[in-house]
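Pasted below: query-v1.csv, CSV, C-alpha atoms.
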chain,number,residue,atom,x,y,z
A,1,MET,CA,-160.0,33.6,-69.9
A,2,TRP,CA,-162.7,31.6,-68.1
A,3,HIS,CA,-160.9,32.0,-64.7
A,4,GLY,CA,-160.7,35.8,-65.4
A,5,ARG,CA,-164.4,36.0,-66.0
A,6,GLN,CA,-165.2,33.9,-63.0
A,7,HIS,CA,-163.0,36.1,-60.8
A,8,LEU,CA,-164.8,39.2,-62.2
A,9,VAL,CA,-168.2,37.7,-61.5
A,10,LEU,CA,-167.3,36.9,-57.9
A,11,ALA,CA,-165.7,40.2,-57.3
A,12,THR,CA,-168.5,42.4,-58.7
A,13,PRO,CA,-170.8,42.2,-55.6
A,14,LEU,CA,-167.8,42.7,-53.3
A,15,VAL,CA,-166.8,45.8,-55.2
A,16,ALA,CA,-170.3,47.2,-55.1
A,17,THR,CA,-170.5,46.6,-51.4
A,18,CYS,CA,-167.3,48.5,-50.7
A,19,VAL,CA,-168.3,51.4,-52.9
A,20,LEU,CA,-171.7,51.5,-51.2
A,21,ALA,CA,-170.2,51.4,-47.8
A,22,GLY,CA,-168.4,54.7,-48.5
A,23,ILE,CA,-171.7,56.6,-49.1
A,24,TRP,CA,-174.3,54.7,-47.1
A,25,ASP,CA,-174.2,54.5,-43.3
A,26,GLY,CA,-175.9,51.1,-43.4
A,27,PHE,CA,-172.5,49.6,-44.0
A,28,GLN,CA,-170.8,51.8,-41.5
A,29,SER,CA,-170.5,51.4,-37.7
A,30,GLY,CA,-173.2,53.3,-35.9
A,31,LEU,CA,-171.2,53.5,-32.7
A,32,PHE,CA,-169.3,56.6,-33.8
A,33,ASN,CA,-170.3,60.1,-34.7
A,34,GLY,CA,-168.9,59.8,-38.2
A,35,SER,CA,-165.2,58.7,-38.0
A,36,PRO,CA,-163.9,56.3,-35.3
A,37,ILE,CA,-160.7,58.5,-35.1
A,38,VAL,CA,-162.1,62.0,-35.5
A,39,ASP,CA,-165.4,62.7,-33.7
A,40,ARG,CA,-167.1,64.2,-36.8
A,41,PRO,CA,-168.2,62.8,-40.2
A,42,ALA,CA,-165.9,63.2,-43.1
A,43,PRO,CA,-167.0,65.0,-46.3
A,44,LEU,CA,-169.1,62.8,-48.6
A,45,VAL,CA,-166.6,63.1,-51.4
A,46,VAL,CA,-163.9,61.7,-49.1
A,47,ASP,CA,-166.1,58.8,-48.1
A,48,ALA,CA,-167.0,58.1,-51.7
A,49,THR,CA,-163.4,58.2,-52.8
A,50,LEU,CA,-162.3,55.8,-50.2
A,51,GLY,CA,-165.2,53.5,-51.1
A,52,VAL,CA,-164.3,53.5,-54.8
A,53,ALA,CA,-160.6,53.0,-53.9
A,54,ALA,CA,-161.5,50.0,-51.7
A,55,GLY,CA,-163.7,48.6,-54.5
A,56,LEU,CA,-160.9,48.8,-57.1
A,57,ALA,CA,-158.5,47.2,-54.6
A,58,VAL,CA,-160.8,44.3,-54.3
A,59,LEU,CA,-160.2,43.5,-58.0
A,60,VAL,CA,-156.5,43.0,-57.4
A,61,ARG,CA,-156.8,41.4,-53.9
A,62,ARG,CA,-155.2,38.1,-55.0
A,63,ASP,CA,-152.0,39.8,-56.4
A,64,ARG,CA,-151.9,42.8,-54.1
A,65,PRO,CA,-153.6,41.9,-50.8
A,66,ARG,CA,-151.6,44.6,-48.9
A,67,LEU,CA,-153.1,47.4,-51.2
A,68,LEU,CA,-156.6,46.3,-50.2
A,69,TYR,CA,-155.5,46.1,-46.6
A,70,VAL,CA,-154.4,49.8,-46.7
A,71,THR,CA,-157.6,51.1,-48.3
A,72,ALA,CA,-159.7,49.0,-45.9
A,73,LEU,CA,-157.8,50.4,-42.9
A,74,LEU,CA,-158.3,54.0,-44.2
A,75,SER,CA,-162.0,53.3,-44.9
A,76,TRP,CA,-162.5,52.1,-41.3
A,77,GLY,CA,-160.5,54.9,-39.8
A,78,VAL,CA,-162.3,57.7,-41.7
A,79,THR,CA,-165.8,56.4,-42.3
A,80,GLY,CA,-166.2,53.4,-40.0
A,81,ALA,CA,-166.9,51.2,-43.0
A,82,TYR,CA,-166.3,47.5,-42.2
A,83,PRO,CA,-167.1,45.5,-45.5
A,84,ALA,CA,-163.7,46.3,-47.0
A,85,LEU,CA,-162.1,45.4,-43.7
A,86,LEU,CA,-163.6,41.9,-43.7
A,87,ILE,CA,-162.6,41.3,-47.3
A,88,ALA,CA,-159.0,42.6,-46.7
A,89,GLN,CA,-158.5,40.4,-43.7
A,90,PHE,CA,-159.7,37.4,-45.7
A,91,ALA,CA,-157.3,38.3,-48.5
A,92,ILE,CA,-154.4,38.5,-46.0
A,93,GLY,CA,-155.1,35.0,-44.9
A,94,ALA,CA,-155.8,33.6,-48.3
A,95,HIS,CA,-153.3,35.3,-50.6
A,96,LEU,CA,-150.4,36.6,-48.5
A,97,ARG,CA,-147.7,34.0,-48.3
A,98,SER,CA,-145.7,35.3,-45.4
A,99,GLY,CA,-146.9,34.1,-42.0
A,100,ARG,CA,-145.0,36.8,-40.2
A,101,GLN,CA,-146.7,39.5,-42.3
A,102,GLN,CA,-150.1,37.9,-41.7
A,103,ILE,CA,-149.6,38.1,-37.9
A,104,LEU,CA,-148.2,41.7,-38.0
A,105,LEU,CA,-150.9,43.1,-40.3
A,106,THR,CA,-153.7,41.3,-38.3
A,107,ALA,CA,-152.3,42.8,-35.1
A,108,VAL,CA,-152.2,46.3,-36.5
A,109,MET,CA,-155.8,45.9,-37.8
A,110,LEU,CA,-156.9,44.5,-34.5
A,111,ALA,CA,-155.5,47.4,-32.7
A,112,ALA,CA,-157.1,49.9,-35.1
A,113,VAL,CA,-160.5,48.3,-34.7
A,114,SER,CA,-160.5,47.4,-31.0
A,115,GLY,CA,-159.1,50.7,-29.7
A,116,PRO,CA,-162.0,52.9,-30.8
A,117,LEU,CA,-164.6,50.2,-30.0
A,118,TRP,CA,-163.1,49.8,-26.5
A,119,MET,CA,-163.5,53.6,-25.9
A,120,VAL,CA,-167.1,53.5,-27.0
A,121,SER,CA,-168.5,50.2,-25.7
A,122,GLY,CA,-165.8,48.8,-23.3
A,123,GLY,CA,-164.0,45.5,-23.4
A,124,ASP,CA,-167.1,43.3,-23.4
A,125,GLY,CA,-168.2,44.7,-26.8
A,126,ALA,CA,-164.8,45.5,-28.3
A,127,VAL,CA,-163.2,42.1,-27.9
A,128,PRO,CA,-165.7,39.8,-29.6
A,129,VAL,CA,-166.5,42.4,-32.4
A,130,SER,CA,-162.8,43.0,-33.1
A,131,PHE,CA,-162.1,39.2,-33.1
A,132,VAL,CA,-165.0,38.7,-35.6
A,133,LEU,CA,-163.9,41.6,-37.9
A,134,CYS,CA,-160.1,41.0,-37.8
A,135,VAL,CA,-159.2,37.4,-36.8
A,136,VAL,CA,-162.0,35.2,-38.1
A,137,PRO,CA,-161.7,36.3,-41.8
A,138,VAL,CA,-157.9,35.6,-41.7
A,139,LEU,CA,-158.6,32.1,-40.2
A,140,VAL,CA,-161.2,31.4,-42.9
A,141,GLY,CA,-158.8,32.5,-45.6
A,142,LEU,CA,-156.0,30.3,-44.3
A,143,TYR,CA,-158.4,27.3,-44.0
A,144,LEU,CA,-159.8,27.7,-47.5
A,145,THR,CA,-156.4,28.2,-49.1
A,146,SER,CA,-154.9,25.2,-47.3
A,147,ARG,CA,-157.9,23.1,-48.3
A,148,ARG,CA,-157.6,24.3,-51.9
A,149,GLU,CA,-153.9,23.5,-52.0
A,150,LEU,CA,-154.5,20.1,-50.4
A,151,MET,CA,-157.1,19.3,-53.0
A,152,ALA,CA,-154.8,20.5,-55.8
A,153,ASN,CA,-152.0,18.3,-54.4
A,154,LEU,CA,-154.3,15.3,-54.2
A,155,ARG,CA,-155.4,15.8,-57.8
A,156,ASP,CA,-151.8,16.1,-58.9
A,157,ARG,CA,-150.8,13.0,-57.0
A,158,ALA,CA,-153.8,11.1,-58.5
A,159,ARG,CA,-152.7,12.2,-62.0
A,160,ARG,CA,-149.1,11.3,-61.3
A,161,ASN,CA,-150.1,7.9,-59.9
A,162,GLU,CA,-152.3,7.3,-63.0
A,163,ARG,CA,-149.4,8.1,-65.3
A,164,GLU,CA,-147.1,5.9,-63.3
A,165,GLU,CA,-149.6,3.1,-63.4
A,166,ARG,CA,-149.9,3.4,-67.2
A,167,LEU,CA,-146.1,3.3,-67.4
A,168,ARG,CA,-146.0,0.2,-65.2
A,169,ILE,CA,-148.7,-1.5,-67.4
A,170,GLU,CA,-146.8,-0.6,-70.6
A,171,GLN,CA,-143.6,-1.8,-69.1
A,172,ALA,CA,-145.2,-5.0,-68.0
A,173,ARG,CA,-146.6,-5.5,-71.5
A,174,ALA,CA,-143.3,-4.8,-73.1
A,175,GLU,CA,-141.6,-7.3,-70.7
A,176,GLU,CA,-144.3,-9.9,-71.5
A,177,ARG,CA,-143.8,-9.4,-75.2
A,178,ALA,CA,-140.1,-9.8,-74.8
A,179,GLN,CA,-140.6,-13.0,-72.8
A,180,ILE,CA,-142.9,-14.3,-75.5
A,181,ALA,CA,-140.4,-13.4,-78.2
A,182,ARG,CA,-137.6,-15.2,-76.3
A,183,ASP,CA,-139.8,-18.3,-76.0
A,184,MET,CA,-140.8,-18.3,-79.7
A,185,HIS,CA,-137.2,-17.6,-80.7
A,186,ASP,CA,-136.1,-20.7,-78.9
A,187,VAL,CA,-138.9,-22.7,-80.5
A,188,VAL,CA,-138.2,-21.4,-84.0
A,189,THR,CA,-134.5,-22.0,-83.7
A,190,HIS,CA,-135.0,-25.5,-82.5
A,191,ARG,CA,-137.4,-26.3,-85.4
A,192,VAL,CA,-135.1,-24.8,-88.0
A,193,SER,CA,-132.3,-26.8,-86.6
A,194,LEU,CA,-134.4,-29.9,-86.9
A,195,MET,CA,-135.2,-29.1,-90.5
A,196,VAL,CA,-131.5,-28.7,-91.3
A,197,LEU,CA,-130.7,-32.0,-89.6
A,198,HIS,CA,-133.5,-33.8,-91.4
A,199,ALA,CA,-132.3,-32.3,-94.7
A,200,THR,CA,-128.8,-33.6,-93.9
A,201,ALA,CA,-130.3,-37.0,-93.2
A,202,LEU,CA,-132.2,-37.0,-96.4
A,203,GLU,CA,-129.0,-36.3,-98.3
A,204,SER,CA,-127.1,-39.0,-96.5
A,205,THR,CA,-129.8,-41.7,-97.2
A,206,GLN,CA,-129.4,-41.2,-100.9
A,207,GLY,CA,-133.1,-41.7,-101.6
A,208,ARG,CA,-134.0,-44.2,-98.9
A,209,ASP,CA,-136.9,-43.2,-96.8
A,210,ALA,CA,-137.0,-39.9,-98.7
A,211,VAL,CA,-140.8,-39.6,-98.5
A,212,ALA,CA,-140.9,-40.0,-94.7
A,213,ILE,CA,-138.1,-37.6,-94.1
A,214,ALA,CA,-139.5,-35.0,-96.5
A,215,SER,CA,-142.8,-35.3,-94.7
A,216,GLN,CA,-141.1,-34.6,-91.4
A,217,ILE,CA,-139.3,-31.6,-92.9
A,218,GLN,CA,-142.6,-30.3,-94.2
A,219,SER,CA,-144.3,-30.7,-90.8
A,220,ILE,CA,-141.5,-29.0,-89.0
A,221,GLY,CA,-141.3,-26.2,-91.6
A,222,ARG,CA,-145.0,-25.4,-91.3
A,223,ALA,CA,-144.8,-25.3,-87.5
A,224,ALA,CA,-141.7,-23.0,-87.7
A,225,LEU,CA,-143.5,-20.7,-90.1
A,226,GLU,CA,-146.6,-20.5,-87.8
A,227,GLU,CA,-144.4,-19.7,-84.8
A,228,LEU,CA,-142.5,-17.1,-86.8
A,229,ARG,CA,-145.7,-15.4,-87.9
A,230,THR,CA,-146.8,-15.2,-84.3
A,231,LEU,CA,-143.4,-13.9,-83.2
A,232,VAL,CA,-143.5,-11.1,-85.8
A,233,GLY,CA,-147.0,-10.1,-84.9
A,234,VAL,CA,-146.1,-9.9,-81.2
A,235,LEU,CA,-143.0,-7.7,-81.9
A,236,ARG,CA,-144.5,-5.5,-84.6
A,237,ASP,CA,-148.1,-5.0,-83.5
A,238,GLY,CA,-148.0,-5.9,-79.9
A,239,ALA,CA,-150.6,-8.6,-80.6
A,240,ALA,CA,-151.2,-11.2,-78.0
A,241,ALA,CA,-149.7,-14.6,-78.5
A,242,PRO,CA,-152.0,-17.5,-78.7
A,243,LEU,CA,-152.6,-19.0,-75.2
A,244,ARG,CA,-151.1,-22.4,-74.9
A,245,PRO,CA,-149.6,-24.5,-72.0
A,246,GLN,CA,-145.9,-23.9,-71.7
A,247,PRO,CA,-143.8,-27.0,-72.1
A,248,GLY,CA,-142.5,-28.5,-68.9
A,249,LEU,CA,-141.2,-31.7,-67.4
A,250,ALA,CA,-144.0,-33.8,-68.9
A,251,ASP,CA,-142.9,-32.8,-72.4
A,252,LEU,CA,-139.3,-33.9,-72.0
A,253,ASP,CA,-140.1,-37.4,-73.2
A,254,GLU,CA,-141.4,-36.0,-76.5
A,255,LEU,CA,-138.5,-33.7,-76.9
A,256,VAL,CA,-136.0,-36.5,-76.3
A,257,ALA,CA,-138.0,-38.8,-78.6
A,258,SER,CA,-137.7,-36.3,-81.5
A,259,SER,CA,-133.9,-36.2,-81.0
A,260,ARG,CA,-133.8,-40.0,-81.0
A,261,ALA,CA,-135.7,-40.1,-84.2
A,262,LEU,CA,-132.8,-38.2,-85.8
A,263,GLY,CA,-130.4,-40.8,-84.7
A,264,LEU,CA,-129.2,-39.2,-81.5
A,265,THR,CA,-128.5,-41.5,-78.5
A,266,VAL,CA,-130.1,-39.9,-75.6
A,267,GLU,CA,-130.9,-41.2,-72.1
A,268,LEU,CA,-133.4,-39.3,-70.0
A,269,ALA,CA,-133.6,-39.6,-66.2
A,270,VAL,CA,-136.2,-37.5,-64.3
A,271,GLU,CA,-136.6,-38.0,-60.6
A,272,ASP,CA,-139.9,-39.4,-59.7
A,273,GLY,CA,-142.2,-37.1,-57.8
A,274,LEU,CA,-140.2,-34.0,-58.6
A,275,ARG,CA,-142.4,-31.0,-57.9
A,276,THR,CA,-141.5,-27.6,-59.5
A,277,PRO,CA,-143.6,-24.5,-60.4
A,278,ALA,CA,-144.5,-24.0,-64.0
A,279,LEU,CA,-142.0,-21.2,-64.5
A,280,VAL,CA,-139.1,-23.4,-63.4
A,281,GLU,CA,-140.5,-26.4,-65.5
A,282,HIS,CA,-140.5,-24.2,-68.5
A,283,ALA,CA,-136.9,-23.1,-67.8
A,284,VAL,CA,-135.9,-26.8,-67.4
A,285,TYR,CA,-137.5,-27.6,-70.8
A,286,ARG,CA,-135.7,-24.8,-72.6
A,287,VAL,CA,-132.3,-25.8,-71.1
A,288,VAL,CA,-132.7,-29.4,-72.3
A,289,GLN,CA,-134.0,-28.2,-75.7
A,290,GLU,CA,-131.1,-25.9,-76.3
A,291,ALA,CA,-128.6,-28.5,-75.1
A,292,LEU,CA,-129.9,-31.2,-77.4
A,293,THR,CA,-129.9,-28.8,-80.3
A,294,ASN,CA,-126.2,-28.1,-79.7
A,295,VAL,CA,-125.5,-31.8,-79.5
A,296,HIS,CA,-127.2,-32.3,-82.9
A,297,LYS,CA,-125.0,-29.6,-84.3
A,298,HIS,CA,-121.7,-30.3,-82.7
A,299,ALA,CA,-121.7,-34.0,-81.7
A,300,HIS,CA,-124.5,-35.7,-83.6
A,301,ASP,CA,-122.9,-39.1,-83.0
A,302,ALA,CA,-122.3,-38.7,-79.3
A,303,ARG,CA,-124.1,-40.4,-76.4
A,304,THR,CA,-126.0,-37.9,-74.4
A,305,VAL,CA,-127.4,-38.1,-70.8
A,306,VAL,CA,-130.1,-35.8,-69.6
A,307,SER,CA,-130.6,-35.7,-65.8
A,308,VAL,CA,-133.3,-33.8,-63.8
A,309,ARG,CA,-133.2,-34.3,-60.1
A,310,ALA,CA,-133.9,-32.5,-56.8
A,311,VAL,CA,-131.1,-30.9,-54.8
A,312,PRO,CA,-131.3,-29.3,-51.4
A,313,ASP,CA,-131.8,-25.8,-52.8
A,314,GLY,CA,-134.1,-26.7,-55.7
A,315,VAL,CA,-133.7,-28.7,-58.9
A,316,ARG,CA,-130.6,-29.5,-61.0
A,317,VAL,CA,-130.6,-30.1,-64.7
A,318,VAL,CA,-127.5,-31.7,-66.3
A,319,VAL,CA,-127.1,-32.4,-70.0
A,320,ARG,CA,-123.8,-34.1,-70.8
A,321,ASP,CA,-122.6,-35.6,-74.1
A,322,SER,CA,-119.6,-37.9,-74.7
A,323,GLY,CA,-118.3,-35.8,-77.6
A,324,GLY,CA,-118.4,-36.5,-81.3
A,325,SER,CA,-118.1,-35.0,-84.7
A,326,LEU,CA,-119.7,-31.9,-86.2
A,327,ALA,CA,-122.9,-32.7,-88.1
A,328,PRO,CA,-122.3,-32.6,-91.9
A,329,THR,CA,-123.2,-29.3,-93.6
A,330,VAL,CA,-124.2,-27.7,-90.3
A,331,ALA,CA,-122.5,-24.4,-89.6
A,332,THR,CA,-121.5,-23.5,-86.0
A,333,GLY,CA,-123.6,-21.0,-84.2
A,334,GLY,CA,-122.7,-17.8,-82.5
A,335,GLY,CA,-123.4,-19.0,-79.0
A,336,HIS,CA,-126.6,-17.0,-78.7
A,337,GLY,CA,-128.6,-20.0,-77.6
A,338,LEU,CA,-126.5,-20.5,-74.5
A,339,LEU,CA,-126.7,-16.8,-73.7
A,340,GLY,CA,-130.5,-17.0,-74.1
A,341,ILE,CA,-131.0,-20.0,-71.7
A,342,SER,CA,-128.4,-18.4,-69.3
A,343,GLU,CA,-130.6,-15.3,-69.1
A,344,ARG,CA,-133.8,-17.4,-68.7
A,345,VAL,CA,-132.2,-19.3,-65.8
A,346,ARG,CA,-131.0,-16.1,-64.2
A,347,LEU,CA,-134.5,-14.6,-64.4
A,348,VAL,CA,-135.9,-17.4,-62.2
A,349,GLY,CA,-133.1,-17.0,-59.7
A,350,GLY,CA,-130.9,-19.9,-60.9
A,351,THR,CA,-127.4,-20.3,-62.3
A,352,LEU,CA,-126.0,-21.9,-65.4
A,353,ARG,CA,-122.6,-23.5,-65.9
A,354,THR,CA,-121.0,-25.0,-68.9
A,355,HIS,CA,-117.6,-26.9,-69.1
A,356,ARG,CA,-115.8,-29.6,-70.9
A,357,PRO,CA,-115.3,-32.7,-68.7
A,358,PRO,CA,-111.8,-34.3,-68.5
A,359,GLY,CA,-113.1,-37.4,-70.4
A,360,GLY,CA,-114.2,-35.3,-73.4
A,361,GLY,CA,-117.6,-34.0,-74.5
A,362,PHE,CA,-119.6,-31.1,-73.2
A,363,GLU,CA,-121.7,-30.5,-70.1
A,364,ILE,CA,-124.5,-28.0,-69.3
A,365,CYS,CA,-125.6,-27.7,-65.7
A,366,ALA,CA,-128.4,-25.5,-64.4
A,367,ASP,CA,-129.4,-25.1,-60.8
A,368,LEU,CA,-132.9,-23.6,-60.3
A,369,PRO,CA,-134.4,-22.6,-56.9
A,370,ALA,CA,-137.6,-24.7,-57.4
A,371,ALA,CA,-138.2,-25.5,-53.7
A,372,ARG,CA,-138.2,-21.8,-52.7
A,373,LEU,CA,-140.4,-20.9,-55.6
A,374,VAL,CA,-142.9,-23.6,-54.8
A,375,GLU,CA,-143.1,-22.4,-51.2
A,376,GLU,CA,-143.8,-18.9,-52.4
A,377,GLU,CA,-146.6,-20.1,-54.7
A,378,ASP,CA,-148.1,-22.1,-51.9
A,379,GLY,CA,-148.0,-19.1,-49.6
A,380,ALA,CA,-149.6,-16.9,-52.2

What's the C-alpha cells form of this structure?
Amino acid sequence: MWHGRQHLVLATPLVATCVLAGIWDGFQSGLFNGSPIVDRPAPLVVDATLGVAAGLAVLVRRDRPRLLYVTALLSWGVTGAYPALLIAQFAIGAHLRSGRQQILLTAVMLAAVSGPLWMVSGGDGAVPVSFVLCVVPVLVGLYLTSRRELMANLRDRARRNEREERLRIEQARAEERAQIARDMHDVVTHRVSLMVLHATALESTQGRDAVAIASQIQSIGRAALEELRTLVGVLRDGAAAPLRPQPGLADLDELVASSRALGLTVELAVEDGLRTPALVEHAVYRVVQEALTNVHKHAHDARTVVSVRAVPDGVRVVVRDSGGSLAPTVATGGGHGLLGISERVRLVGGTLRTHRPPGGGFEICADLPAARLVEEEDGA
C-alpha cells in the first residue's frame, strides 16, 4: 500500500504536466503552426483528449510502457507536445525489458521527432534536440534501472551473507558443544570407572583401609557429578562450559599415578623435549586415559607400558598391556570408548590402530601429525 501511494504521489505532477501540455502551448513546440505533421492546429477538444490520455497512460507506465509510448507519439504528432514524449522514452528505458524493442521504439520516435524538426530548422537544430528528447531519457532510464537492480542485488547478497554467517556461527557453536560433550563424556566415564574399581577394591579388602578407599570414592563421585552437571547444561541449554586448561602431556604422570594407586602396574615413557600443539596433547591424553580405563576393566592385573615419542611424521602413542583377567564385578563395555578416541584422533588428522600382539595382551597405537600442526601454528 505504501508503494502504491508513493507511486501516485510521484505520478501526480507528471500527469498534470501531460494534461496541461494538451491545452497550453507553453508545453508545445513553437516551431510549428500547430501540428508537426499537419500545418494547422488541431481542435482544442482533440488536444485536450490526447493530453488526458497521455496523463492516464503515465499512471500505468511501469506495467504498460508501450501504451504511454503510443499516446506520447500521438500527442507529439498532433499537438507538438513534448512532456509525454520525455516521460515515455524514460519509461521505455526503465520498464521495458526487451533491448530489441527499446532500440526499435527509440528509432521510430527519433524519426518522428527529427523529421519535422529537420524540415523546420535544419540538421544543426534537429539533431541535438532529437537526441535530447528521444535518446537521453532512454539512457537515463536504463542507468537508473540498472543501478536500482544493482543495489537490490547487493542488499540481497548482504542479507544472504548475513544469514550464512549466522548459520556458520550456529554450526560452530554446535560443533564446539559437541566437542565439549565428548570431552566431558570421556572424563565422566573415566571417573565412574574409577569409582567402580575403588568399590571393588573396598569389597576385596574386607574392611581394611575402608575409610581411605571410601574417601577416594566420595571425591571421585563428587567430581563426576560436577562434570555431569556441566555436560547436561551444555547439551540442554547451550551453556558455556567452564574455562579450564585441557589436560595434555604434563598431566600424564598424574593420570598414571591414579592408575597405580588402584594396583595397576604401569610404566610411562615420554620422550624428553617432545613438542606438540595443545590439540594433539589433549588427544594423546585421552588416548592414554581410555586405554588405561580398558586395562582396569579387562586386565587389572596386567603390566602396562605407555610410550609417547616423536616419529618422522609427528608423534606416536602406544599403550600395551601384557594381558590379564577381567576385573571382578566389572561388566564389559560396548566398545564406545575406543570409537570415541578413534574419532578424536581422526579429527586432528591422525590414525588409531588396535590389535592383540602374538605374546598376548592388547595394544593401542595412535599416530598424530604433531610436527605438521606445530608448523601451522608457528606460521599462523

Find the residues around region 304-310 of chain A up to 8 Å (only C-alpha atoms counted), leave out those fewer than 3 positions away in its own chain, and share them as a PyMOL selection string. chain A and resi 264-271+274+288+295+314-322

Counting only C-alpha atoms, what is within 12 Å of His95 (chain A), bar same-chain residues fewer than 6 positions away, as a list in words?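 Surrounding residues, per the criterion: Val60, Arg61, Arg62, Asp63, Arg64, Pro65, Arg66, Leu68, Tyr69, Ile87, Ala88, Gln89, Gln101, Gln102, Val138, Val140, Gly141, Leu142, Tyr143, Leu144, Thr145, Ser146, Arg148 and Glu149 of chain A.
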
Nearest to Gly22 (chain A) among A:Leu139, A:Ala257, A:Val45, A:Leu262, with distances taken over only C-alpha atoms: which residue is it?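 The answer is A:Val45, which sits nearest to Gly22 (chain A).
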
I'd like the interatomic distance between CA of Ala278 (chain A) and CA of Arg303 (chain A), to a tenth of an Å. 29.0 Å

Go ahead and compute the interatomic distance for CA of Phe131 (chain A) and CA of Cys18 (chain A), in Å to one decimal. 20.6 Å

Using only C-alpha atoms, list the residues that have an atom at most 10 Å from (-131.8, -17.9, -61.0), coordinates as in the file, as a PyMOL selection string. chain A and resi 280+283+342-352+366-370

Counting all atoms listed in the file, which of A:Thr12, A:Asn153, A:Thr276, A:Asn294 gets nearest to Leu56 (chain A)? A:Thr12

Of the listed residues A:Val135, A:Leu73, A:Ser121, A:Gly55, that which approaches Phe90 (chain A) most closely, counting all atoms listed in the file: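 Residue with the minimum atom-to-atom distance to Phe90 (chain A): A:Val135.
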
Residues within 12 Å of Pro36 (chain A), all atoms listed in the file, excluding chain neighbours under 3 positions, as a ChimeraX atom specification: /A:28-33,39-42,73-82,112-120

Quick one: pull the distance between CA of Val9 (chain A) and CA of Ala21 (chain A), Å, one decimal. 19.5 Å
